[in-house]
>>> print(open('structure_14.txt').read())   # compact mmCIF, C-alpha atoms
# COMPACT_ATOMS: atom_id res chain seq x y z
CA MET A 1404 -44.72 15.67 8.42
CA LEU A 1405 -41.96 13.32 9.53
CA SER A 1406 -43.95 10.23 8.64
CA VAL A 1407 -44.89 11.71 5.26
CA ALA A 1408 -41.25 12.46 4.46
CA ALA A 1409 -40.24 8.92 5.44
CA ARG A 1410 -42.91 7.39 3.21
CA SER A 1411 -42.28 9.52 0.15
CA GLY A 1412 -38.48 9.63 0.28
CA PRO A 1413 -36.33 7.91 -2.39
CA PHE A 1414 -35.04 5.36 0.14
CA ALA A 1415 -38.46 4.32 1.40
CA PRO A 1416 -38.27 0.81 -0.14
CA TYR A 1417 -35.15 0.10 1.94
CA LEU A 1418 -35.62 2.04 5.16
CA SER A 1419 -38.07 1.86 7.99
CA ALA A 1420 -38.22 4.44 10.78
CA ALA A 1421 -38.86 3.78 14.45
CA ALA A 1422 -39.39 6.72 16.78
CA HIS A 1423 -37.41 7.10 20.01
CA ALA A 1424 -37.62 10.02 22.38
CA VAL A 1425 -34.30 11.58 23.45
CA PRO A 1426 -33.50 14.36 25.90
CA GLY A 1427 -33.70 17.91 24.51
CA PRO A 1428 -30.97 20.52 24.92
CA LEU A 1429 -33.16 22.67 27.22
CA LYS A 1430 -33.95 21.88 30.82
CA PRO A 1431 -37.38 22.72 32.28
CA LEU A 1432 -37.52 25.79 34.49
CA ALA A 1433 -39.68 24.08 37.13
CA PRO A 1434 -39.93 20.42 38.15
CA ALA A 1435 -42.57 18.67 36.20
CA VAL A 1436 -43.90 15.16 35.94
CA ALA A 1437 -43.22 13.64 32.57
CA ARG A 1438 -46.30 12.10 31.03
CA ARG A 1439 -46.14 9.02 28.96
CA ALA A 1440 -46.02 9.86 25.29
CA GLU A 1441 -49.14 9.21 23.32
CA LYS A 1442 -48.77 7.53 19.97
CA VAL A 1443 -50.78 9.11 17.24
CA PRO A 1444 -51.32 6.58 14.45
CA LEU A 1445 -51.65 7.69 10.89
CA ASP A 1446 -55.09 8.08 9.40
CA LEU A 1447 -55.55 4.88 7.46
CA LYS A 1448 -58.54 6.31 5.63
CA ARG A 1449 -56.30 8.77 3.81
CA PRO A 1450 -53.69 6.75 1.95
CA LEU A 1451 -50.69 8.59 0.53
CA LEU A 1452 -50.44 8.32 -3.21
CA CYS A 1453 -46.80 8.04 -4.24
CA ARG A 1454 -44.64 5.78 -6.36
CA GLU A 1455 -43.63 3.54 -3.45
CA SER A 1456 -47.11 3.10 -2.05
CA MET A 1457 -48.64 2.36 -5.42
CA ASN A 1458 -46.00 -0.31 -6.11
CA GLY A 1459 -46.42 -1.83 -2.66
CA ARG A 1460 -42.89 -0.99 -1.60
CA SER A 1461 -43.59 1.59 1.05
CA ALA A 1462 -41.96 1.37 4.48
CA ARG A 1463 -43.19 -1.54 6.57
CA GLY A 1464 -42.64 -0.21 10.06
CA GLY A 1465 -45.37 1.47 12.09
CA LEU A 1466 -44.39 5.12 11.78
CA VAL A 1467 -45.48 7.05 14.86
CA GLU A 1468 -44.85 10.49 16.26
CA GLU A 1469 -43.93 11.19 19.85
CA GLY A 1470 -45.89 13.68 21.86
CA THR A 1471 -44.50 16.83 23.39
CA ARG A 1472 -42.27 16.47 26.45
CA PRO A 1473 -42.43 18.78 29.47
CA SER A 1474 -39.45 20.72 28.12
CA GLY A 1475 -41.63 21.91 25.28
CA ARG A 1476 -39.44 20.41 22.56
CA ARG A 1477 -40.07 17.38 20.45
CA GLY A 1478 -37.44 14.66 20.49
CA VAL A 1479 -37.79 12.17 17.65
CA ARG A 1480 -34.94 9.98 16.35
CA CYS A 1481 -35.34 7.49 13.55
CA ILE A 1482 -33.51 4.15 13.57
CA HIS A 1483 -33.45 2.13 10.36
CA ASN A 1484 -34.33 -1.41 11.34
CA ASP A 1485 -35.03 -3.11 8.02
CA VAL A 1486 -31.64 -2.94 6.23
CA VAL A 1487 -31.24 -6.15 4.25
CA VAL A 1488 -27.88 -7.90 4.77
CA PRO A 1489 -26.49 -9.34 1.51
CA ASP A 1490 -26.17 -13.10 1.21
CA PHE A 1491 -22.55 -14.21 0.80
CA SER A 1492 -23.27 -17.94 0.79
CA ALA A 1493 -21.98 -18.30 -2.77
CA TYR A 1494 -18.54 -17.09 -1.63
CA ARG A 1495 -18.25 -19.18 1.53
CA ARG A 1496 -16.85 -22.66 1.93
CA GLN A 1497 -19.21 -25.59 2.14
CA ASP A 1498 -17.83 -26.50 5.58
CA VAL A 1499 -18.89 -23.22 7.16
CA LEU A 1500 -22.26 -22.60 5.51
CA ASP A 1501 -24.19 -23.90 8.50
CA ALA A 1502 -24.24 -21.16 11.16
CA THR A 1503 -25.26 -23.64 13.88
CA THR A 1504 -22.25 -25.93 13.38
CA SER A 1505 -18.77 -25.23 14.76
CA SER A 1506 -16.08 -24.56 12.15
CA GLN A 1507 -13.24 -25.98 14.26
CA GLY A 1508 -13.47 -29.36 12.53
CA SER A 1509 -12.47 -27.91 9.15
CA SER A 1510 -10.05 -25.28 10.43
CA GLU A 1511 -6.92 -27.36 9.73
CA ALA A 1512 -7.83 -27.90 6.08
CA ARG A 1513 -8.68 -24.23 5.60
CA LYS A 1514 -5.45 -23.13 7.28
CA GLY A 1515 -3.42 -25.50 5.12
CA PHE A 1516 -4.92 -24.06 1.97
CA SER A 1517 -4.28 -20.52 3.16
CA TYR A 1518 -0.66 -21.35 4.01
CA LEU A 1519 -0.18 -22.95 0.61
CA VAL A 1520 -1.53 -19.92 -1.24
CA THR A 1521 0.60 -17.56 0.88
CA ALA A 1522 3.78 -19.58 0.34
CA THR A 1523 3.18 -19.82 -3.40
CA THR A 1524 2.61 -16.07 -3.62
CA CYS A 1525 5.81 -15.34 -1.67
CA VAL A 1526 7.88 -17.65 -3.86
CA ALA A 1527 6.48 -16.15 -7.06
CA THR A 1528 7.07 -12.62 -5.78
CA ALA A 1529 10.66 -13.40 -4.78
CA TYR A 1530 11.36 -14.98 -8.18
CA ALA A 1531 9.92 -11.99 -10.02
CA ALA A 1532 11.89 -9.58 -7.85
CA LYS A 1533 15.09 -11.55 -8.50
CA ASN A 1534 14.54 -11.35 -12.26
CA VAL A 1535 13.88 -7.61 -12.11
CA VAL A 1536 17.02 -6.95 -10.06
CA THR A 1537 19.13 -9.21 -12.30
CA GLN A 1538 17.96 -7.50 -15.47
CA PHE A 1539 18.53 -4.07 -13.94
CA ILE A 1540 22.08 -4.93 -12.88
CA SER A 1541 22.77 -6.51 -16.28
CA SER A 1542 21.68 -3.30 -17.99
CA LEU A 1543 24.40 -1.45 -16.07
CA SER A 1544 27.19 -3.77 -17.22
CA ALA A 1545 29.44 -3.07 -20.18
CA SER A 1546 28.23 -3.84 -23.68
CA ALA A 1547 29.76 -6.49 -25.93
CA ASP A 1548 31.92 -4.05 -27.89
CA VAL A 1549 33.31 -2.57 -24.67
CA LEU A 1550 34.07 -6.03 -23.30
CA ALA A 1551 35.88 -6.88 -26.54
CA LEU A 1552 38.19 -3.90 -26.00
CA SER A 1553 38.87 -4.86 -22.38
CA LYS A 1554 41.40 -7.49 -23.45
CA ILE A 1555 44.34 -7.31 -25.77
CA GLU A 1556 46.36 -10.18 -27.24
CA ILE A 1557 50.06 -9.49 -27.80
CA LYS A 1558 52.48 -11.55 -29.87
CA LEU A 1559 55.72 -11.59 -27.89
CA SER A 1560 57.90 -12.81 -30.75
CA ASP A 1561 57.63 -9.33 -32.32
CA ILE A 1562 59.43 -7.70 -29.36
CA PRO A 1563 63.24 -8.10 -29.51
CA GLU A 1564 65.31 -8.60 -26.40
CA GLY A 1565 66.18 -5.40 -24.55
CA LYS A 1566 63.38 -3.42 -26.20
CA ASN A 1567 60.07 -2.00 -24.97
CA MET A 1568 56.87 -1.72 -26.99
CA ALA A 1569 53.82 0.39 -26.17
CA PHE A 1570 50.23 -0.67 -26.87
CA LYS A 1571 46.87 0.98 -26.31
CA TRP A 1572 44.73 -0.90 -23.78
CA ARG A 1573 41.49 0.47 -22.31
CA GLY A 1574 42.52 3.96 -23.41
CA LYS A 1575 45.83 3.75 -21.55
CA PRO A 1576 49.39 3.06 -22.72
CA LEU A 1577 50.59 -0.46 -22.02
CA PHE A 1578 54.33 -1.19 -21.79
CA VAL A 1579 55.66 -4.67 -22.64
CA ARG A 1580 59.40 -4.98 -22.01
CA HIS A 1581 61.63 -7.88 -23.07
CA ARG A 1582 64.41 -7.76 -20.51
CA THR A 1583 67.92 -9.04 -20.87
CA GLN A 1584 69.58 -11.35 -18.39
CA ASP A 1585 71.67 -8.46 -17.04
CA GLU A 1586 68.52 -6.43 -16.34
CA ILE A 1587 66.93 -9.40 -14.61
CA ASN A 1588 69.96 -9.88 -12.36
CA GLN A 1589 70.23 -6.16 -11.65
CA GLU A 1590 66.59 -5.78 -10.56
CA ALA A 1591 66.65 -8.94 -8.47
CA ALA A 1592 69.64 -7.64 -6.48
CA VAL A 1593 67.97 -4.36 -5.41
CA ASP A 1594 67.78 -3.77 -1.64
CA LEU A 1595 64.07 -3.49 -0.77
CA SER A 1596 64.78 -1.30 2.25
CA LYS A 1597 65.88 1.49 -0.10
CA LEU A 1598 62.65 1.49 -2.10
CA ARG A 1599 59.81 3.94 -1.51
CA ASP A 1600 57.25 1.29 -2.44
CA PRO A 1601 59.01 -1.96 -1.46
CA GLN A 1602 58.25 -4.81 -3.83
CA HIS A 1603 60.49 -7.61 -5.07
CA ASP A 1604 61.04 -8.02 -8.79
CA LEU A 1605 59.69 -11.57 -8.80
CA ASP A 1606 56.42 -10.34 -7.26
CA ARG A 1607 55.83 -8.08 -10.27
CA VAL A 1608 56.45 -10.58 -13.09
CA LYS A 1609 55.27 -14.06 -14.06
CA LYS A 1610 58.26 -14.67 -16.32
CA PRO A 1611 61.48 -12.83 -15.43
CA GLU A 1612 62.20 -11.84 -19.05
CA TRP A 1613 58.82 -10.14 -19.57
CA VAL A 1614 57.65 -7.04 -17.71
CA ILE A 1615 54.11 -5.77 -18.45
CA LEU A 1616 53.15 -2.38 -16.98
CA VAL A 1617 50.50 0.31 -17.32
CA GLY A 1618 52.39 3.30 -18.70
CA VAL A 1619 50.85 5.94 -16.45
CA CYS A 1620 52.98 7.77 -13.90
CA THR A 1621 51.64 7.39 -10.37
CA HIS A 1622 52.35 11.05 -9.61
CA LEU A 1623 49.99 13.02 -11.89
CA GLY A 1624 49.14 10.52 -14.64
CA CYS A 1625 51.78 11.45 -17.23
CA VAL A 1626 53.24 8.91 -19.68
CA PRO A 1627 56.85 7.95 -18.84
CA ILE A 1628 59.55 7.45 -21.48
CA ALA A 1629 60.90 3.91 -21.80
CA ASN A 1630 64.62 3.05 -21.62
CA SER A 1631 65.39 6.39 -19.95
CA GLY A 1632 66.20 7.77 -16.53
CA ASP A 1633 68.95 7.21 -14.01
CA PHE A 1634 68.04 3.54 -13.57
CA GLY A 1635 67.58 2.51 -17.19
CA GLY A 1636 63.89 1.82 -16.88
CA TYR A 1637 61.29 4.57 -17.31
CA TYR A 1638 61.49 8.32 -16.86
CA CYS A 1639 58.66 10.85 -16.51
CA PRO A 1640 59.91 14.24 -17.78
CA CYS A 1641 56.97 16.16 -16.35
CA HIS A 1642 58.19 16.13 -12.74
CA GLY A 1643 61.29 13.95 -12.85
CA SER A 1644 60.12 10.55 -11.62
CA HIS A 1645 62.61 7.71 -12.29
CA TYR A 1646 61.58 4.04 -12.47
CA ASP A 1647 63.80 0.98 -12.86
CA ALA A 1648 63.41 -1.85 -15.38
CA SER A 1649 60.84 -3.48 -13.07
CA GLY A 1650 58.65 -0.36 -12.95
CA ARG A 1651 59.50 0.48 -9.33
CA ILE A 1652 59.83 4.10 -8.29
CA ARG A 1653 63.44 4.92 -7.42
CA LYS A 1654 63.63 8.72 -7.58
CA GLY A 1655 61.26 11.67 -7.92
CA PRO A 1656 57.84 12.68 -6.55
CA ALA A 1657 55.88 9.59 -7.65
CA PRO A 1658 54.60 7.77 -4.53
CA TYR A 1659 54.00 4.26 -5.95
CA ASN A 1660 55.37 1.82 -8.49
CA LEU A 1661 53.89 1.53 -11.96
CA GLU A 1662 50.74 -0.58 -12.03
CA VAL A 1663 50.95 -4.20 -13.12
CA PRO A 1664 47.77 -5.23 -14.99
CA THR A 1665 46.16 -8.66 -14.99
CA TYR A 1666 47.58 -10.82 -17.76
CA GLN A 1667 47.93 -14.47 -18.73
CA PHE A 1668 50.36 -16.32 -20.97
CA LEU A 1669 48.55 -18.52 -23.47
CA ASP A 1670 51.88 -19.97 -24.63
CA ASP A 1671 55.50 -18.88 -24.89
CA ASN A 1672 54.76 -16.34 -27.61
CA VAL A 1673 51.24 -15.02 -26.79
CA VAL A 1674 50.02 -13.09 -23.76
CA VAL A 1675 46.51 -11.78 -23.10
CA VAL A 1676 46.22 -8.66 -20.97
CA GLY A 1677 42.92 -7.98 -19.20
>>> encode(input="structure_14.txt", output="structure tokens")
Amino acid sequence: MLSVAARSGPFAPYLSAAAHAVPGPLKPLAPAVARRAEKVPLDLKRPLLCRESMNGRSARGGLVEEGTRPSGRRGVRCIHNDVVVPDFSAYRRQDVLDATTSSQGSSEARKGFSYLVTATTCVATAYAAKNVVTQFISSLSASADVLALSKIEIKLSDIPEGKNMAFKWRGKPLFVRHRTQDEINQEAAVDLSKLRDPQHDLDRVKKPEWVILVGVCTHLGCVPIANSGDFGGYYCPCHGSHYDASGRIRKGPAPYNLEVPTYQFLDDNVVVVG
């Protein structure tokens, strides 16, 4: 029955069975002498009529059946010995087609090509990754309309001496003060050891007559009043913080001086903040 199943199976054109006896799971009860298995050939006078045999594609191996072992159990294992290995010659290099010739002579050329392909792939991958990261970071930056509002141009000739003007910059009040010579001399003579946030007046201005500050109190973010307070500078009525004409904290709960933004003088009459 085993040989019949092997011949008539759907894989018969590709498989051939060879019989091998293997030990059974049961041991004999009494010592016995194992006899040599007798091979029983198939009856050639009774051909099997099936699709494979009629087309001449039936299994080519001599299918045999092992006899009974002394243990009383049959042990037959089939090994497929006619599996056809595909031919990959069309995908191999010309230098290594001959199986009898050593491939060491062409190894340097093959390695060089492999290194070249690997290096090219790495460079292309790094370039693509750089572009992806650059585009992603650029998408997180501010848009053109937001960047346009990040700077403000102020005409200084419109601010008279001794006066302070407030502008809106990045959603915050911006103070631009045109100081008199008396105010300049008064702020320059302040003893830094008496200041809570020590900073010289010349370190907070680019031109002594112009003071540019962010009008947000450093205590709780209120908006101070210009030309007010005990020091003639700025006064926050919310909690009583007093600043001088240089924007330095002199009295009250505020811990730091008023912030000085980044600005640049284009000429004597125009300044760009931001």
>>> atom_distance(input="structure_14.txt", atom1="atom CA of A:Leu1577", atom2="atom CA of A:Ser1541")
29.0 Å
>>> residues_around(input="structure_14.txt", residues="A:Cys1641", least_positions_apart="4", cutoff="10 Å", atoms="all atoms listed in the file", output="PyMOL selection string")
chain A and resi 1620+1622-1627
>>> closest_residue(input="structure_14.txt", among="A:Thr1528, A:Ser1560, A:Ser1492, A:Ser1631", to="A:Trp1613", atoms="all atoms listed in the file")
A:Ser1560
>>> atom_distance(input="structure_14.txt", atom1="atom CA of A:His1642", atom2="atom CA of A:Glu1590")
23.6 Å
>>> closest_residue(input="structure_14.txt", among="A:Leu1616, A:Tyr1518, A:Arg1573, A:Arg1513", to="A:Ile1555", atoms="all atoms listed in the file")
A:Arg1573
>>> atom_distance(input="structure_14.txt", atom1="atom CA of A:Pro1601", atom2="atom CA of A:Ala1648")
14.6 Å
>>> residues_around(input="structure_14.txt", residues="A:Gly1574", least_positions_apart="3", cutoff="10 Å", atoms="all atoms listed in the file", output="list in words")
Leu1552, Ser1553, Phe1570, Lys1571 and Leu1577 of chain A
>>> closest_residue(input="structure_14.txt", among="A:Glu1556, A:Glu1564, A:Glu1612, A:Asp1600", to="A:Tyr1666", atoms="all atoms listed in the file")
A:Glu1556
>>> residues_around(input="structure_14.txt", residues="A:Asp1671", least_positions_apart="5", cutoff="10 Å", atoms="all atoms listed in the file", output="list in words")
Lys1558, Leu1559, Ser1560 and Lys1610 of chain A
>>> axis_aligned_box(input="structure_14.txt", around="stretch 1577-1590 of chain A", padding_each_side="6 Å", output="lines of an AutoDock Vina configuration file")
center_x = 61.1
center_y = -5.9
center_z = -16.8
size_x = 33.1
size_y = 22.9
size_z = 24.5
>>> closest_residue(input="structure_14.txt", among="A:Gln1602, A:Pro1576, A:Asn1672, A:Asn1630", to="A:Arg1651", atoms="only C-alpha atoms")
A:Gln1602
>>> residues_near_point(input="structure_14.txt", point="(57.5, -6.4, -21.2)", cutoff="6 Å", atoms="only C-alpha atoms", output="MDAnalysis selection string")
chainID A and resid 1579:1581 1613:1615
>>> write_last_selection(input="structure_14.txt", atoms="C-alpha atoms", output="JSON list (two decimals), in the coordinates of the input")
[["chain", "number", "residue", "atom", "x", "y", "z"],
["A", 1579, "VAL", "CA", 55.66, -4.67, -22.64],
["A", 1580, "ARG", "CA", 59.40, -4.98, -22.01],
["A", 1581, "HIS", "CA", 61.63, -7.88, -23.07],
["A", 1613, "TRP", "CA", 58.82, -10.14, -19.57],
["A", 1614, "VAL", "CA", 57.65, -7.04, -17.71],
["A", 1615, "ILE", "CA", 54.11, -5.77, -18.45]]
>>> closest_residue(input="structure_14.txt", among="A:Ser1517, A:Ser1505, A:Gln1497, A:Asn1660", to="A:His1603", atoms="only C-alpha atoms")
A:Asn1660
>>> closest_residue(input="structure_14.txt", among="A:Ala1527, A:Lys1609, A:Arg1496, A:Pro1563", to="A:Ala1512", atoms="only C-alpha atoms")
A:Arg1496
